[in-house]
file start04.cif (mmCIF, C-alpha atoms)
data_my_file
loop_
_atom_site.group_PDB
_atom_site.id
_atom_site.type_symbol
_atom_site.label_atom_id
_atom_site.label_comp_id
_atom_site.auth_asym_id
_atom_site.auth_seq_id
_atom_site.Cartn_x
_atom_site.Cartn_y
_atom_site.Cartn_z
ATOM 1 C CA MET A 1 -42.491 -130.248 18.336
ATOM 2 C CA SER A 2 -41.694 -133.674 19.787
ATOM 3 C CA GLU A 3 -42.950 -135.379 16.616
ATOM 4 C CA GLU A 4 -40.665 -133.179 14.503
ATOM 5 C CA ARG A 5 -37.750 -134.059 16.761
ATOM 6 C CA ILE A 6 -38.397 -137.784 16.228
ATOM 7 C CA GLU A 7 -38.583 -137.278 12.437
ATOM 8 C CA GLN A 8 -35.247 -135.445 12.536
ATOM 9 C CA THR A 9 -33.831 -138.287 14.597
ATOM 10 C CA LYS A 10 -34.934 -140.774 11.938
ATOM 11 C CA SER A 11 -33.044 -138.703 9.364
ATOM 12 C CA VAL A 12 -29.895 -138.796 11.493
ATOM 13 C CA VAL A 13 -30.146 -142.571 11.828
ATOM 14 C CA ASP A 14 -30.753 -143.010 8.093
ATOM 15 C CA ALA A 15 -27.707 -140.857 7.269
ATOM 16 C CA ALA A 16 -25.302 -142.765 9.530
ATOM 17 C CA GLY A 17 -22.996 -144.483 7.061
ATOM 18 C CA HIS A 18 -21.322 -146.817 9.544
ATOM 19 C CA ILE A 19 -24.522 -148.496 10.767
ATOM 20 C CA PRO A 20 -25.596 -151.597 8.815
ATOM 21 C CA ALA A 21 -28.771 -151.173 6.755
ATOM 22 C CA ASP A 22 -30.726 -153.785 8.713
ATOM 23 C CA LYS A 23 -30.000 -152.049 12.014
ATOM 24 C CA LYS A 24 -30.892 -148.661 10.541
ATOM 25 C CA ALA A 25 -34.190 -150.106 9.346
ATOM 26 C CA ALA A 26 -34.925 -151.544 12.791
ATOM 27 C CA LEU A 27 -34.120 -148.238 14.513
ATOM 28 C CA SER A 28 -36.221 -146.326 12.006
ATOM 29 C CA ALA A 29 -39.138 -148.708 12.578
ATOM 30 C CA ALA A 30 -38.820 -148.291 16.352
ATOM 31 C CA LEU A 31 -38.801 -144.508 15.950
ATOM 32 C CA SER A 32 -41.911 -144.751 13.771
ATOM 33 C CA LYS A 33 -43.653 -146.655 16.567
ATOM 34 C CA LEU A 34 -42.538 -144.124 19.158
ATOM 35 C CA LYS A 35 -43.731 -141.087 17.236
ATOM 36 C CA PRO A 36 -47.519 -141.521 17.678
ATOM 37 C CA GLU A 37 -47.094 -142.617 21.291
ATOM 38 C CA VAL A 38 -45.115 -139.485 22.127
ATOM 39 C CA ALA A 39 -47.715 -137.412 20.261
ATOM 40 C CA GLN A 40 -50.445 -138.948 22.386
ATOM 41 C CA ILE A 41 -48.570 -138.218 25.622
ATOM 42 C CA SER A 42 -47.969 -134.626 24.507
ATOM 43 C CA GLN A 43 -51.707 -133.966 24.568
ATOM 44 C CA THR A 44 -51.792 -134.272 28.350
ATOM 45 C CA HIS A 45 -48.121 -134.176 29.415
ATOM 46 C CA ARG A 46 -46.403 -131.829 26.961
ATOM 47 C CA GLU A 47 -43.231 -131.328 29.009
ATOM 48 C CA HIS A 48 -42.779 -135.070 29.502
ATOM 49 C CA ALA A 49 -43.275 -135.671 25.795
ATOM 50 C CA GLU A 50 -40.640 -133.077 24.947
ATOM 51 C CA SER A 51 -38.242 -134.620 27.455
ATOM 52 C CA ILE A 52 -38.793 -138.085 25.996
ATOM 53 C CA ALA A 53 -38.245 -136.763 22.460
ATOM 54 C CA ARG A 54 -35.042 -134.993 23.527
ATOM 55 C CA LEU A 55 -33.723 -138.187 25.114
ATOM 56 C CA VAL A 56 -34.615 -140.192 21.997
ATOM 57 C CA GLU A 57 -32.772 -137.641 19.889
ATOM 58 C CA ALA A 58 -29.721 -137.539 22.169
ATOM 59 C CA SER A 59 -29.466 -141.317 22.382
ATOM 60 C CA ALA A 60 -29.728 -141.679 18.601
ATOM 61 C CA HIS A 61 -27.084 -139.015 18.135
ATOM 62 C CA GLU A 62 -24.788 -140.843 20.539
ATOM 63 C CA ALA A 63 -25.449 -144.197 18.845
ATOM 64 C CA THR A 64 -24.674 -142.815 15.393
ATOM 65 C CA ARG A 65 -21.373 -141.204 16.344
ATOM 66 C CA PRO A 66 -18.417 -142.773 14.561
ATOM 67 C CA GLU A 67 -16.386 -142.765 17.779
ATOM 68 C CA LYS A 68 -18.280 -144.753 20.367
ATOM 69 C CA ARG A 69 -18.849 -143.632 23.948
ATOM 70 C CA PRO A 70 -20.820 -146.492 25.480
ATOM 71 C CA GLU A 71 -21.041 -144.871 28.911
ATOM 72 C CA ASN A 72 -22.921 -141.908 27.431
ATOM 73 C CA LEU A 73 -25.286 -144.118 25.466
ATOM 74 C CA ASN A 74 -25.972 -146.281 28.511
ATOM 75 C CA ARG A 75 -26.688 -143.185 30.614
ATOM 76 C CA LEU A 76 -29.056 -141.758 28.003
ATOM 77 C CA SER A 77 -30.843 -145.085 27.539
ATOM 78 C CA ASN A 78 -31.333 -145.381 31.294
ATOM 79 C CA GLU A 79 -32.662 -141.822 31.503
ATOM 80 C CA LEU A 80 -35.051 -142.537 28.640
ATOM 81 C CA ARG A 81 -36.388 -145.699 30.256
ATOM 82 C CA GLN A 82 -36.796 -143.899 33.582
ATOM 83 C CA SER A 83 -38.623 -141.019 31.904
ATOM 84 C CA VAL A 84 -41.416 -143.330 30.735
ATOM 85 C CA GLU A 85 -41.751 -145.459 33.893
ATOM 86 C CA ASN A 86 -44.539 -143.222 35.224
ATOM 87 C CA PHE A 87 -46.583 -143.948 32.114
ATOM 88 C CA GLU A 88 -46.460 -147.740 32.357
ATOM 89 C CA GLY A 89 -50.046 -147.989 33.591
ATOM 90 C CA SER A 90 -51.575 -145.373 31.297
ATOM 91 C CA HIS A 91 -49.422 -145.812 28.190
ATOM 92 C CA PRO A 92 -47.947 -149.327 28.161
ATOM 93 C CA ARG A 93 -47.214 -149.162 24.421
ATOM 94 C CA LEU A 94 -44.941 -146.162 24.949
ATOM 95 C CA VAL A 95 -42.994 -148.060 27.581
ATOM 96 C CA ALA A 96 -42.763 -151.130 25.345
ATOM 97 C CA PHE A 97 -41.558 -149.088 22.374
ATOM 98 C CA VAL A 98 -38.949 -147.246 24.464
ATOM 99 C CA THR A 99 -37.727 -150.601 25.752
ATOM 100 C CA GLU A 100 -37.512 -151.912 22.174
ATOM 101 C CA TYR A 101 -35.688 -148.778 21.012
ATOM 102 C CA SER A 102 -33.203 -148.987 23.892
ATOM 103 C CA ALA A 103 -32.527 -152.644 23.138
ATOM 104 C CA LEU A 104 -31.865 -151.814 19.492
ATOM 105 C CA LEU A 105 -29.366 -149.137 20.495
ATOM 106 C CA SER A 106 -27.601 -151.647 22.717
ATOM 107 C CA ALA A 107 -27.540 -154.150 19.867
ATOM 108 C CA LEU A 108 -25.485 -151.757 17.760
ATOM 109 C CA GLY A 109 -22.501 -153.274 19.512
ATOM 110 C CA ILE A 110 -21.662 -150.322 21.660
#
call {"tool": "encode", "arguments": {"input": "start04.cif", "output": "structure tokens"}}
result
Amino acid sequence: MSEERIEQTKSVVDAAGHIPADKKAALSAALSKLKPEVAQISQTHREHAESIARLVEASAHEATRPEKRPENLNRLSNELRQSVENFEGSHPRLVAFVTEYSALLSALGI
């Protein structure tokens, strides 16, 4: 389920007409990196994986809104980063990819 959620999130990002193509491509690439890492976590920590996928989806939705609400995006990005902190030792790539994804959202100029 979490992998499907990330694929749907990629579709939302790709459909956002107000985001420049290069930034869409970077977000899509970051989501592609996140997908297998979340799938791996879901094998042993299904609820955490679902939570991470929901936060990825919510943050992308907030970032692709035409009317910007930076406080909501900042809150979601912080929650997402906090949700993966426990996996830093066992899944450092997941943490790195979430950090990259969060930085890309911030770079959208919100």
call {"tool": "closest_residue", "arguments": {"input": "start04.cif", "among": "A:Asn74, A:Ser83, A:Ser32, A:Ser42", "to": "Phe97 of chain A", "atoms": "all atoms listed in the file"}}
result
A:Ser32
call {"tool": "resolve_selection", "arguments": {"input": "start04.cif", "expression": "the PyMOL selection byres ((chain A and resi 1-10) around 8)", "output": "short mmCIF file (atom, residue, chain, number, x, y, z; two decimals) with C-alpha atoms, in the coordinates of the input"}}
result
data_model
loop_
_atom_site.label_atom_id
_atom_site.label_comp_id
_atom_site.auth_asym_id
_atom_site.auth_seq_id
_atom_site.Cartn_x
_atom_site.Cartn_y
_atom_site.Cartn_z
CA SER A 11 -33.04 -138.70 9.36
CA VAL A 12 -29.90 -138.80 11.49
CA VAL A 13 -30.15 -142.57 11.83
CA ASP A 14 -30.75 -143.01 8.09
CA LEU A 27 -34.12 -148.24 14.51
CA SER A 28 -36.22 -146.33 12.01
CA LEU A 31 -38.80 -144.51 15.95
CA LYS A 35 -43.73 -141.09 17.24
CA PRO A 36 -47.52 -141.52 17.68
CA VAL A 38 -45.12 -139.49 22.13
CA ALA A 39 -47.72 -137.41 20.26
CA SER A 42 -47.97 -134.63 24.51
CA ALA A 49 -43.28 -135.67 25.80
CA GLU A 50 -40.64 -133.08 24.95
CA ALA A 53 -38.24 -136.76 22.46
CA ARG A 54 -35.04 -134.99 23.53
CA VAL A 56 -34.62 -140.19 22.00
CA GLU A 57 -32.77 -137.64 19.89
CA ALA A 60 -29.73 -141.68 18.60
CA HIS A 61 -27.08 -139.01 18.14
#
call {"tool": "closest_residue", "arguments": {"input": "start04.cif", "among": "A:Lys33, A:His18, A:Lys23, A:Lys68", "to": "Ala96 of chain A", "atoms": "only C-alpha atoms"}}
result
A:Lys33
call {"tool": "residues_near_point", "arguments": {"input": "start04.cif", "point": "(-24.5, -141.7, 26.3)", "cutoff": "9 Å", "atoms": "only C-alpha atoms", "output": "VMD selection string"}}
result
chain A and resid 58 to 59 61 to 63 69 to 77
call {"tool": "atom_distance", "arguments": {"input": "start04.cif", "atom1": "atom CA of Asp22 of chain A", "atom2": "atom CA of Ser106 of chain A"}}
result
14.5 Å
call {"tool": "atom_distance", "arguments": {"input": "start04.cif", "atom1": "atom CA of Glu47 of chain A", "atom2": "atom CA of Phe87 of chain A"}}
result
13.4 Å
call {"tool": "atom_distance", "arguments": {"input": "start04.cif", "atom1": "atom CA of Arg81 of chain A", "atom2": "atom CA of Val98 of chain A"}}
result
6.5 Å
call {"tool": "decode", "arguments": {"input": "start04.cif", "residues": "segment 11-92 of chain A", "atoms": "C-alpha atoms", "output": "PDB file, in the first residue's frame"}}
result
ATOM      1  CA  SER A  11       1.455  11.519 -10.315  1.00  0.00           C
ATOM      2  CA  VAL A  12       0.305  14.502  -8.256  1.00  0.00           C
ATOM      3  CA  VAL A  13       3.732  16.114  -8.545  1.00  0.00           C
ATOM      4  CA  ASP A  14       3.882  15.469 -12.296  1.00  0.00           C
ATOM      5  CA  ALA A  15       0.431  17.033 -12.779  1.00  0.00           C
ATOM      6  CA  ALA A  16       1.227  20.243 -10.881  1.00  0.00           C
ATOM      7  CA  GLY A  17       1.245  22.865 -13.618  1.00  0.00           C
ATOM      8  CA  HIS A  18       2.794  25.659 -11.566  1.00  0.00           C
ATOM      9  CA  ILE A  19       5.968  23.769 -10.610  1.00  0.00           C
ATOM     10  CA  PRO A  20       8.892  24.141 -13.038  1.00  0.00           C
ATOM     11  CA  ALA A  21       9.778  20.984 -14.975  1.00  0.00           C
ATOM     12  CA  ASP A  22      13.255  20.693 -13.459  1.00  0.00           C
ATOM     13  CA  LYS A  23      11.867  20.784  -9.923  1.00  0.00           C
ATOM     14  CA  LYS A  24       9.170  18.259 -10.811  1.00  0.00           C
ATOM     15  CA  ALA A  25      11.849  15.961 -12.201  1.00  0.00           C
ATOM     16  CA  ALA A  26      13.931  16.304  -9.034  1.00  0.00           C
ATOM     17  CA  LEU A  27      10.928  15.579  -6.798  1.00  0.00           C
ATOM     18  CA  SER A  28       9.946  12.611  -8.940  1.00  0.00           C
ATOM     19  CA  ALA A  29      13.497  11.247  -8.745  1.00  0.00           C
ATOM     20  CA  ALA A  30      13.512  11.654  -4.957  1.00  0.00           C
ATOM     21  CA  LEU A  31      10.182   9.829  -4.730  1.00  0.00           C
ATOM     22  CA  SER A  32      11.595   7.037  -6.895  1.00  0.00           C
ATOM     23  CA  LYS A  33      14.476   6.666  -4.437  1.00  0.00           C
ATOM     24  CA  LEU A  34      12.113   6.656  -1.473  1.00  0.00           C
ATOM     25  CA  LYS A  35       9.802   3.996  -2.859  1.00  0.00           C
ATOM     26  CA  PRO A  36      12.076   0.930  -2.465  1.00  0.00           C
ATOM     27  CA  GLU A  37      13.323   2.138   0.914  1.00  0.00           C
ATOM     28  CA  VAL A  38       9.777   2.445   2.239  1.00  0.00           C
ATOM     29  CA  ALA A  39       8.988  -0.980   0.760  1.00  0.00           C
ATOM     30  CA  GLN A  40      11.936  -2.449   2.624  1.00  0.00           C
ATOM     31  CA  ILE A  41      10.850  -0.878   5.922  1.00  0.00           C
ATOM     32  CA  SER A  42       7.301  -2.164   5.409  1.00  0.00           C
ATOM     33  CA  GLN A  43       8.554  -5.742   5.607  1.00  0.00           C
ATOM     34  CA  THR A  44       9.390  -5.343   9.287  1.00  0.00           C
ATOM     35  CA  HIS A  45       7.675  -2.087  10.325  1.00  0.00           C
ATOM     36  CA  ARG A  46       4.472  -1.918   8.277  1.00  0.00           C
ATOM     37  CA  GLU A  47       2.788   0.793  10.355  1.00  0.00           C
ATOM     38  CA  HIS A  48       5.866   3.018  10.222  1.00  0.00           C
ATOM     39  CA  ALA A  49       6.106   2.550   6.471  1.00  0.00           C
ATOM     40  CA  GLU A  50       2.470   3.542   6.041  1.00  0.00           C
ATOM     41  CA  SER A  51       2.989   6.592   8.241  1.00  0.00           C
ATOM     42  CA  ILE A  52       6.042   7.639   6.236  1.00  0.00           C
ATOM     43  CA  ALA A  53       4.141   7.181   2.961  1.00  0.00           C
ATOM     44  CA  ARG A  54       1.208   9.229   4.280  1.00  0.00           C
ATOM     45  CA  LEU A  55       3.547  12.044   5.310  1.00  0.00           C
ATOM     46  CA  VAL A  56       5.273  11.952   1.912  1.00  0.00           C
ATOM     47  CA  GLU A  57       1.881  12.162   0.238  1.00  0.00           C
ATOM     48  CA  ALA A  58       0.633  14.979   2.480  1.00  0.00           C
ATOM     49  CA  SER A  59       3.799  17.024   2.066  1.00  0.00           C
ATOM     50  CA  ALA A  60       3.710  16.640  -1.721  1.00  0.00           C
ATOM     51  CA  HIS A  61       0.062  17.639  -1.763  1.00  0.00           C
ATOM     52  CA  GLU A  62       0.862  20.728   0.290  1.00  0.00           C
ATOM     53  CA  ALA A  63       3.840  21.606  -1.928  1.00  0.00           C
ATOM     54  CA  THR A  64       1.787  21.323  -5.112  1.00  0.00           C
ATOM     55  CA  ARG A  65      -1.072  23.523  -3.934  1.00  0.00           C
ATOM     56  CA  PRO A  66      -1.402  26.702  -5.975  1.00  0.00           C
ATOM     57  CA  GLU A  67      -1.943  28.753  -2.814  1.00  0.00           C
ATOM     58  CA  LYS A  68       1.055  28.271  -0.574  1.00  0.00           C
ATOM     59  CA  ARG A  69       0.865  27.548   3.146  1.00  0.00           C
ATOM     60  CA  PRO A  70       4.505  27.324   4.202  1.00  0.00           C
ATOM     61  CA  GLU A  71       3.694  26.654   7.855  1.00  0.00           C
ATOM     62  CA  ASN A  72       1.841  23.467   6.898  1.00  0.00           C
ATOM     63  CA  LEU A  73       4.621  22.284   4.614  1.00  0.00           C
ATOM     64  CA  ASN A  74       7.247  22.981   7.267  1.00  0.00           C
ATOM     65  CA  ARG A  75       5.218  21.059   9.856  1.00  0.00           C
ATOM     66  CA  LEU A  76       4.769  18.081   7.535  1.00  0.00           C
ATOM     67  CA  SER A  77       8.443  18.067   6.544  1.00  0.00           C
ATOM     68  CA  ASN A  78       9.462  18.104  10.202  1.00  0.00           C
ATOM     69  CA  GLU A  79       7.065  15.262  11.004  1.00  0.00           C
ATOM     70  CA  LEU A  80       8.440  13.267   8.082  1.00  0.00           C
ATOM     71  CA  ARG A  81      12.044  13.747   9.165  1.00  0.00           C
ATOM     72  CA  GLN A  82      11.155  12.819  12.745  1.00  0.00           C
ATOM     73  CA  SER A  83       9.321   9.701  11.579  1.00  0.00           C
ATOM     74  CA  VAL A  84      12.507   8.261  10.067  1.00  0.00           C
ATOM     75  CA  GLU A  85      14.950   9.258  12.834  1.00  0.00           C
ATOM     76  CA  ASN A  86      14.558   5.868  14.537  1.00  0.00           C
ATOM     77  CA  PHE A  87      15.741   4.158  11.366  1.00  0.00           C
ATOM     78  CA  GLU A  88      18.988   6.097  10.981  1.00  0.00           C
ATOM     79  CA  GLY A  89      21.116   3.188  12.185  1.00  0.00           C
ATOM     80  CA  SER A  90      19.278   0.403  10.365  1.00  0.00           C
ATOM     81  CA  HIS A  91      18.177   2.226   7.211  1.00  0.00           C
ATOM     82  CA  PRO A  92      20.491   5.192   6.593  1.00  0.00           C
TER      83      PRO A  92
END
